[in-house]
Amino acid sequence: MIIKKLRTKDIILSQIIFKTFSDDEKMTLFDLIDGGTINSKDAAIYEMTLNKLKKEVIAKFVPYVRDTSKIVYYCPSKNQYKARVPKALIVGDRPAPQFASTELQMWHKLHKYLYGDLENSTLRALFVLWLAERKADADVSSKTYDRNVNTWNKYYDGNPIIDIPISKITANKMFMFYKGFTAGRAISRAELGNIKGIMNMLYDYAVVNDIISVNTAKTVSTKSLKCKIVNNKNKVYTPEEREKLFIYLQSIPQNVYTLGIMLMFCLDIRIGELKALRWTDYDEQKGQIYIHNQIVDRKDENGKWCQLELDYTKSGEDGDRWLPVSKTAKNILSQLKLLSGNSEFILTNQAGTTVKTNKFNERLKNYCEKAGIRYLSSHKIRFYAVTEQAKAGIDLPTIQHNSGHRCKSTTLHYIRNASNEAVADERWEKVFG
């Protein structure tokens with residue numbers, strides 16, 4: 001038998017179920033492929049899974065139906081697969097599944113209804129489904145997706161906990177799972193947060209899909225665990241470094257990168273928001289600029305990086321904001337206007353398209369080295385903007401608004417001390433003098 005085309009969801013579902021097969025059943029897979037019966041591994045797994053589901057569901061139906069060939073049937077008018085479950089097989093007041101988009105999904109729904117979860121909803125099984133959903137979500141950046149995969153591969157894959165049904169993972173088992181990574185302060189608190197984040201999101205996924213009713217992961221506190229001490233307080237540009245960089249940039253021929261870097265240092269803005277700025281967003285008379293969308297980097301189906309414009313910011317409606325434009329920023333925008341010509345975007349390269357984040361950071365690194373200052377990524381310019389507003393005495397709600405943050409806690413995270421030296425002023429003297 002040759003299956004020409006399989007739906008992605010069917011491939012994923014069949015592979016999840018296949019993991020629950022016995023070793024003897026799995027050996028049949030190689031017999032099918034070696035014998036030339038089926039033309040690919042995916043097709044073989046699909047066929048084996050479908051046959052197993054059919055066999056076990058039919059076994060339940062046999063006492064109550066005459067013709068087992070009509071348990072699942074295709075309805076052309078609805079473009080769906082349907083099923084009829086005998087009254088004798090109805091479980092309590094739970095409605096039986098009646099339709100699905102594919103044959104495999106219909107048989108799987110019936111099997112799950114009659115036998116319970118074949119795959120027992122393990123972390124491993126949930127991760128595959130959750131990851132596929134993340135990949136299709138435009139709000140999830142490729143970098144975030146890759147970070148999720150890397151965290152799973154580094155900390156979860158190979159650990160026995162991923163093959164335990166989540167309904168049987170106790171709070172203690174989860175805590176000990178986390179504790180194993182923090183022994184000897186091996187990882188930072190931030191890294192532990194990434195590990196916990198995967199667990200929390202998988203449990204959230206299970207709750208939303210009615211697999212469990214409560215997210216146990218959120219009840220497990222790790223405050224008592226000791227983590228590696230990492231001092232990130234000085235990972236922010238200083239005013240002196242900004243000044244040195246500006247002096248160098250102004251001494252060389254101007255381009256979209258030199259001006260774009262200086263403009264970012266004059267606004268409290270994300271790199272994606274900066275790239276998405278249009279001239280229609282700039283009100284020169286009022287001296288304001290409107291932040292309301294972003295251009296993000298995404299990987300296409302072939303793994304190639306491309307740019308995608310979204311009509312909202314990272315924080316959604318909380319990110320929509322007008323920012324003041326300083327005299328320096330006005331001058332920079334005037335120069336950018338001359339460079340951009342008729343382009344609708346403020347930051348336009350020679351090809352007529354908006355700049356790319358990696359190229360922006362490459363130029364920033366090169367310019368920092370030539371200016372004689374340390375290089376920090378463009379994201380750290382955001383830390384500079386928030387930190388300097390706080391040092392200037394701007395109140396927290398205003399900084400939160402300017403930054404487009406949904407929560408004050410995020411704004412507080414961005415406020416850094418540029419050095420470990422004591423900072424004393426008249427207010428300190430008044431309190432402690």
# chains A, B, ... in the order shown; residues from 1 in each chain; ligands from 1

$ residues_around --residues "A:Gln307" --least-positions-apart "5" --cutoff "7 Å" --atoms "only C-alpha atoms" --output "JSON list (two decimals) with C-alpha atoms, in the first residue's frame"
[["chain", "number", "residue", "atom", "x", "y", "z"],
["A", 295, "ILE", "CA", 8.47, 43.78, 12.15],
["A", 296, "VAL", "CA", 9.77, 40.48, 13.46],
["A", 297, "ASP", "CA", 12.18, 37.86, 12.16],
["A", 298, "ARG", "CA", 10.62, 34.47, 11.39]]

$ closest_atom_pairs --of "stretch 25-129 of chain A" --to "stretch 181-199 of chain A" --cutoff "12 Å" --atoms "only C-alpha atoms" --output "Markdown table"
| residue | atom | partner | partner_atom | distance |
| --- | --- | --- | --- | --- |
| A:Thr122 | CA | A:Met199 | CA | 11.5 |
| A:Leu123 | CA | A:Met199 | CA | 8.2 |
| A:Arg124 | CA | A:Met199 | CA | 11.0 |
| A:Leu126 | CA | A:Met199 | CA | 10.3 |
| A:Phe127 | CA | A:Ile198 | CA | 8.7 |

$ write_last_selection --atoms "N, CA and C atoms" --output "tab-separated table (two decimals), in the first residue's frame"
chain	number	residue	atom	x	y	z
A	122	THR	N	1.64	12.16	28.26
A	122	THR	CA	2.95	12.38	28.88
A	122	THR	C	3.50	13.74	28.44
A	123	LEU	N	4.51	14.22	29.13
A	123	LEU	CA	5.15	15.47	28.73
A	123	LEU	C	5.72	15.35	27.32
A	124	ARG	N	6.26	14.18	27.01
A	124	ARG	CA	6.83	13.96	25.68
A	124	ARG	C	5.76	14.12	24.61
A	126	LEU	N	2.78	15.63	24.87
A	126	LEU	CA	2.24	16.98	24.86
A	126	LEU	C	3.20	17.97	24.20
A	127	PHE	N	4.50	17.76	24.40
A	127	PHE	CA	5.49	18.68	23.84
A	127	PHE	C	5.40	18.71	22.32

$ residues_around --residues "stretch 265-268 of chain A" --least-positions-apart "3" --cutoff "9 Å" --atoms "only C-alpha atoms" --output "list of chain:residue names"
A:Arg242, A:Gly260, A:Ile261, A:Met262, A:Leu323, A:Pro324, A:Val325, A:Ser326, A:Thr328, A:Ala329, A:Ile381, A:Arg382, A:Phe383, A:Tyr384, A:Ala385, A:Val386, A:Ile399, A:Asn402, A:Ser403, A:Gly404

$ write_last_selection --atoms "C-alpha atoms" --output "compact mmCIF listing (two decimals), in the first residue's frame"
# COMPACT_ATOMS: atom_id res chain seq x y z
CA ARG A 242 26.46 56.43 24.33
CA GLY A 260 19.05 54.00 13.09
CA ILE A 261 21.35 53.17 16.01
CA MET A 262 21.39 56.78 17.20
CA LEU A 323 6.70 58.93 22.50
CA PRO A 324 8.24 62.42 22.69
CA VAL A 325 10.87 63.19 20.06
CA SER A 326 13.92 65.02 21.42
CA THR A 328 18.59 65.07 18.73
CA ALA A 329 15.98 62.59 17.49
CA ILE A 381 19.65 49.81 24.30
CA ARG A 382 16.16 49.24 25.74
CA PHE A 383 17.77 48.68 29.14
CA TYR A 384 19.64 51.96 28.70
CA ALA A 385 16.42 53.83 27.89
CA VAL A 386 14.52 52.51 30.90
CA ILE A 399 8.37 54.74 32.30
CA ASN A 402 6.97 54.80 27.50
CA SER A 403 8.40 51.28 27.41
CA GLY A 404 5.15 49.68 26.30

$ atom_distance --atom1 "atom CA of A:Gln98" --atom2 "atom CA of A:Lys82"
5.5 Å

$ select_by_dssp --residues "stretch 263-364 of chain A" --states "strand (DSSP E)" --output "ChimeraX atom specification"
/A:282-283,288-291,294-299,305-310,321-324

$ select_by_dssp --residues "stretch 69-314 of chain A" --states "alpha helix (DSSP H)" --output "PyMOL selection string"
chain A and resi 103-115+123-136+142-151+171-182+189-208+239-249+256-264+271-276

$ write_last_selection --atoms "C-alpha atoms" --output "mmCIF file, in the first residue's frame"
data_model
loop_
_atom_site.group_PDB
_atom_site.id
_atom_site.type_symbol
_atom_site.label_atom_id
_atom_site.label_comp_id
_atom_site.auth_asym_id
_atom_site.auth_seq_id
_atom_site.Cartn_x
_atom_site.Cartn_y
_atom_site.Cartn_z
ATOM 1 C CA GLU A 103 -10.008 9.320 9.351
ATOM 2 C CA LEU A 104 -7.140 8.834 11.809
ATOM 3 C CA GLN A 105 -8.445 11.595 14.072
ATOM 4 C CA MET A 106 -11.931 10.051 14.075
ATOM 5 C CA TRP A 107 -10.651 6.616 15.083
ATOM 6 C CA HIS A 108 -8.400 8.228 17.683
ATOM 7 C CA LYS A 109 -11.327 10.155 19.194
ATOM 8 C CA LEU A 110 -13.347 6.946 19.423
ATOM 9 C CA HIS A 111 -10.448 5.055 20.986
ATOM 10 C CA LYS A 112 -9.812 7.828 23.495
ATOM 11 C CA TYR A 113 -13.518 7.876 24.371
ATOM 12 C CA LEU A 114 -13.723 4.115 24.873
ATOM 13 C CA TYR A 115 -10.303 3.331 26.347
ATOM 14 C CA LEU A 123 5.147 15.471 28.732
ATOM 15 C CA ARG A 124 6.831 13.958 25.679
ATOM 16 C CA ALA A 125 3.510 13.563 23.855
ATOM 17 C CA LEU A 126 2.239 16.985 24.864
ATOM 18 C CA PHE A 127 5.486 18.677 23.841
ATOM 19 C CA VAL A 128 5.122 17.485 20.242
ATOM 20 C CA LEU A 129 1.558 18.815 19.976
ATOM 21 C CA TRP A 130 2.322 22.045 21.832
ATOM 22 C CA LEU A 131 5.430 22.710 19.744
ATOM 23 C CA ALA A 132 3.510 22.245 16.495
ATOM 24 C CA GLU A 133 0.979 24.800 17.729
ATOM 25 C CA ARG A 134 3.777 27.219 18.708
ATOM 26 C CA LYS A 135 5.360 26.930 15.285
ATOM 27 C CA ALA A 136 2.110 27.950 13.605
ATOM 28 C CA SER A 142 11.535 31.937 15.746
ATOM 29 C CA LYS A 143 14.081 32.753 18.458
ATOM 30 C CA THR A 144 11.564 31.901 21.185
ATOM 31 C CA TYR A 145 10.633 28.695 19.355
ATOM 32 C CA ASP A 146 14.294 27.692 19.037
ATOM 33 C CA ARG A 147 14.885 28.507 22.710
ATOM 34 C CA ASN A 148 11.961 26.258 23.682
ATOM 35 C CA VAL A 149 13.406 23.402 21.614
ATOM 36 C CA ASN A 150 16.907 23.906 23.032
ATOM 37 C CA THR A 151 15.607 23.958 26.610
ATOM 38 C CA ALA A 171 4.465 18.129 43.051
ATOM 39 C CA ASN A 172 7.371 16.372 44.759
ATOM 40 C CA LYS A 173 8.496 14.674 41.536
ATOM 41 C CA MET A 174 8.397 18.000 39.761
ATOM 42 C CA PHE A 175 10.347 19.740 42.530
ATOM 43 C CA MET A 176 13.020 17.018 42.521
ATOM 44 C CA PHE A 177 13.234 17.347 38.728
ATOM 45 C CA TYR A 178 14.081 21.040 39.130
ATOM 46 C CA LYS A 179 16.378 20.392 42.098
ATOM 47 C CA GLY A 180 18.481 18.001 40.032
ATOM 48 C CA PHE A 181 19.540 20.861 37.765
ATOM 49 C CA THR A 182 20.279 23.376 40.523
ATOM 50 C CA ARG A 189 17.728 31.563 38.243
ATOM 51 C CA ALA A 190 16.897 32.710 34.716
ATOM 52 C CA GLU A 191 17.764 29.291 33.276
ATOM 53 C CA LEU A 192 15.639 27.600 35.928
ATOM 54 C CA GLY A 193 12.853 29.938 34.848
ATOM 55 C CA ASN A 194 13.197 28.686 31.267
ATOM 56 C CA ILE A 195 12.928 25.077 32.458
ATOM 57 C CA LYS A 196 9.875 25.853 34.587
ATOM 58 C CA GLY A 197 8.375 27.829 31.714
ATOM 59 C CA ILE A 198 8.256 24.736 29.505
ATOM 60 C CA MET A 199 6.574 22.739 32.277
ATOM 61 C CA ASN A 200 4.012 25.474 32.958
ATOM 62 C CA MET A 201 3.109 25.884 29.300
ATOM 63 C CA LEU A 202 2.715 22.128 28.769
ATOM 64 C CA TYR A 203 0.383 21.928 31.756
ATOM 65 C CA ASP A 204 -1.540 24.959 30.491
ATOM 66 C CA TYR A 205 -1.891 23.198 27.143
ATOM 67 C CA ALA A 206 -3.210 20.090 28.908
ATOM 68 C CA VAL A 207 -5.757 22.150 30.875
ATOM 69 C CA VAL A 208 -7.027 23.987 27.781
ATOM 70 C CA PRO A 239 25.699 57.639 29.120
ATOM 71 C CA GLU A 240 29.474 57.902 28.588
ATOM 72 C CA GLU A 241 29.430 54.953 26.182
ATOM 73 C CA ARG A 242 26.462 56.435 24.330
ATOM 74 C CA GLU A 243 28.324 59.721 23.994
ATOM 75 C CA LYS A 244 31.485 58.030 22.650
ATOM 76 C CA LEU A 245 29.428 56.017 20.163
ATOM 77 C CA PHE A 246 27.581 59.118 18.953
ATOM 78 C CA ILE A 247 30.855 61.019 18.465
ATOM 79 C CA TYR A 248 32.214 58.195 16.317
ATOM 80 C CA LEU A 249 28.992 57.705 14.316
ATOM 81 C CA VAL A 256 20.503 53.894 7.682
ATOM 82 C CA TYR A 257 22.453 51.947 10.336
ATOM 83 C CA THR A 258 24.399 54.849 11.848
ATOM 84 C CA LEU A 259 21.231 56.931 12.029
ATOM 85 C CA GLY A 260 19.046 54.002 13.090
ATOM 86 C CA ILE A 261 21.351 53.170 16.012
ATOM 87 C CA MET A 262 21.394 56.777 17.199
ATOM 88 C CA LEU A 263 17.604 57.011 16.836
ATOM 89 C CA MET A 264 17.132 53.907 18.966
ATOM 90 C CA ILE A 271 14.109 46.798 17.663
ATOM 91 C CA GLY A 272 11.030 45.306 15.950
ATOM 92 C CA GLU A 273 9.066 48.490 16.643
ATOM 93 C CA LEU A 274 11.928 50.615 15.318
ATOM 94 C CA LYS A 275 12.005 48.660 12.049
ATOM 95 C CA ALA A 276 8.241 49.071 11.597
#

$ closest_residue --among "A:Ser315, A:Thr216, A:Thr102, A:Thr354" --to "A:Tyr73" --atoms "only C-alpha atoms"
A:Thr102

$ closest_residue --among "A:Lys356, A:Arg321, A:Lys5, A:Lys19" --to "A:Asp281" --atoms "only C-alpha atoms"
A:Arg321

$ closest_residue --among "A:Thr387, A:Asp157, A:Thr170, A:Asp31" --to "A:Thr219" --atoms "only C-alpha atoms"
A:Thr170

$ atom_distance --atom1 "atom CA of A:Phe18" --atom2 "atom CA of A:Pro97"
22.0 Å

$ residues_around --residues "A:Pro86" --least-positions-apart "6" --cutoff "8 Å" --atoms "only C-alpha atoms" --output "PyMOL selection string"
chain A and resi 61+64-65

$ write_last_selection --atoms "N, CA and C atoms" --output "compact mmCIF listing (two decimals), in the first residue's frame"
# COMPACT_ATOMS: atom_id res chain seq x y z
N PHE A 61 -17.11 -2.44 19.55
CA PHE A 61 -18.36 -2.27 18.81
C PHE A 61 -19.03 -3.59 18.45
N TYR A 64 -22.48 -4.88 19.44
CA TYR A 64 -23.63 -3.99 19.29
C TYR A 64 -23.94 -3.56 17.85
N VAL A 65 -23.09 -3.92 16.91
CA VAL A 65 -23.35 -3.54 15.51
C VAL A 65 -23.20 -4.75 14.60

$ residues_around --residues "stretch 24-27 of chain A" --least-positions-apart "6" --cutoff "12 Å" --atoms "only C-alpha atoms" --output "ChimeraX atom specification"
/A:15,17-18,33-34,41,44-45,48-49,51-52

$ residues_around --residues "stretch 334-347 of chain A" --least-positions-apart "6" --cutoff "6 Å" --atoms "only C-alpha atoms" --output "number ranges by chain"
A: 277-279, 354
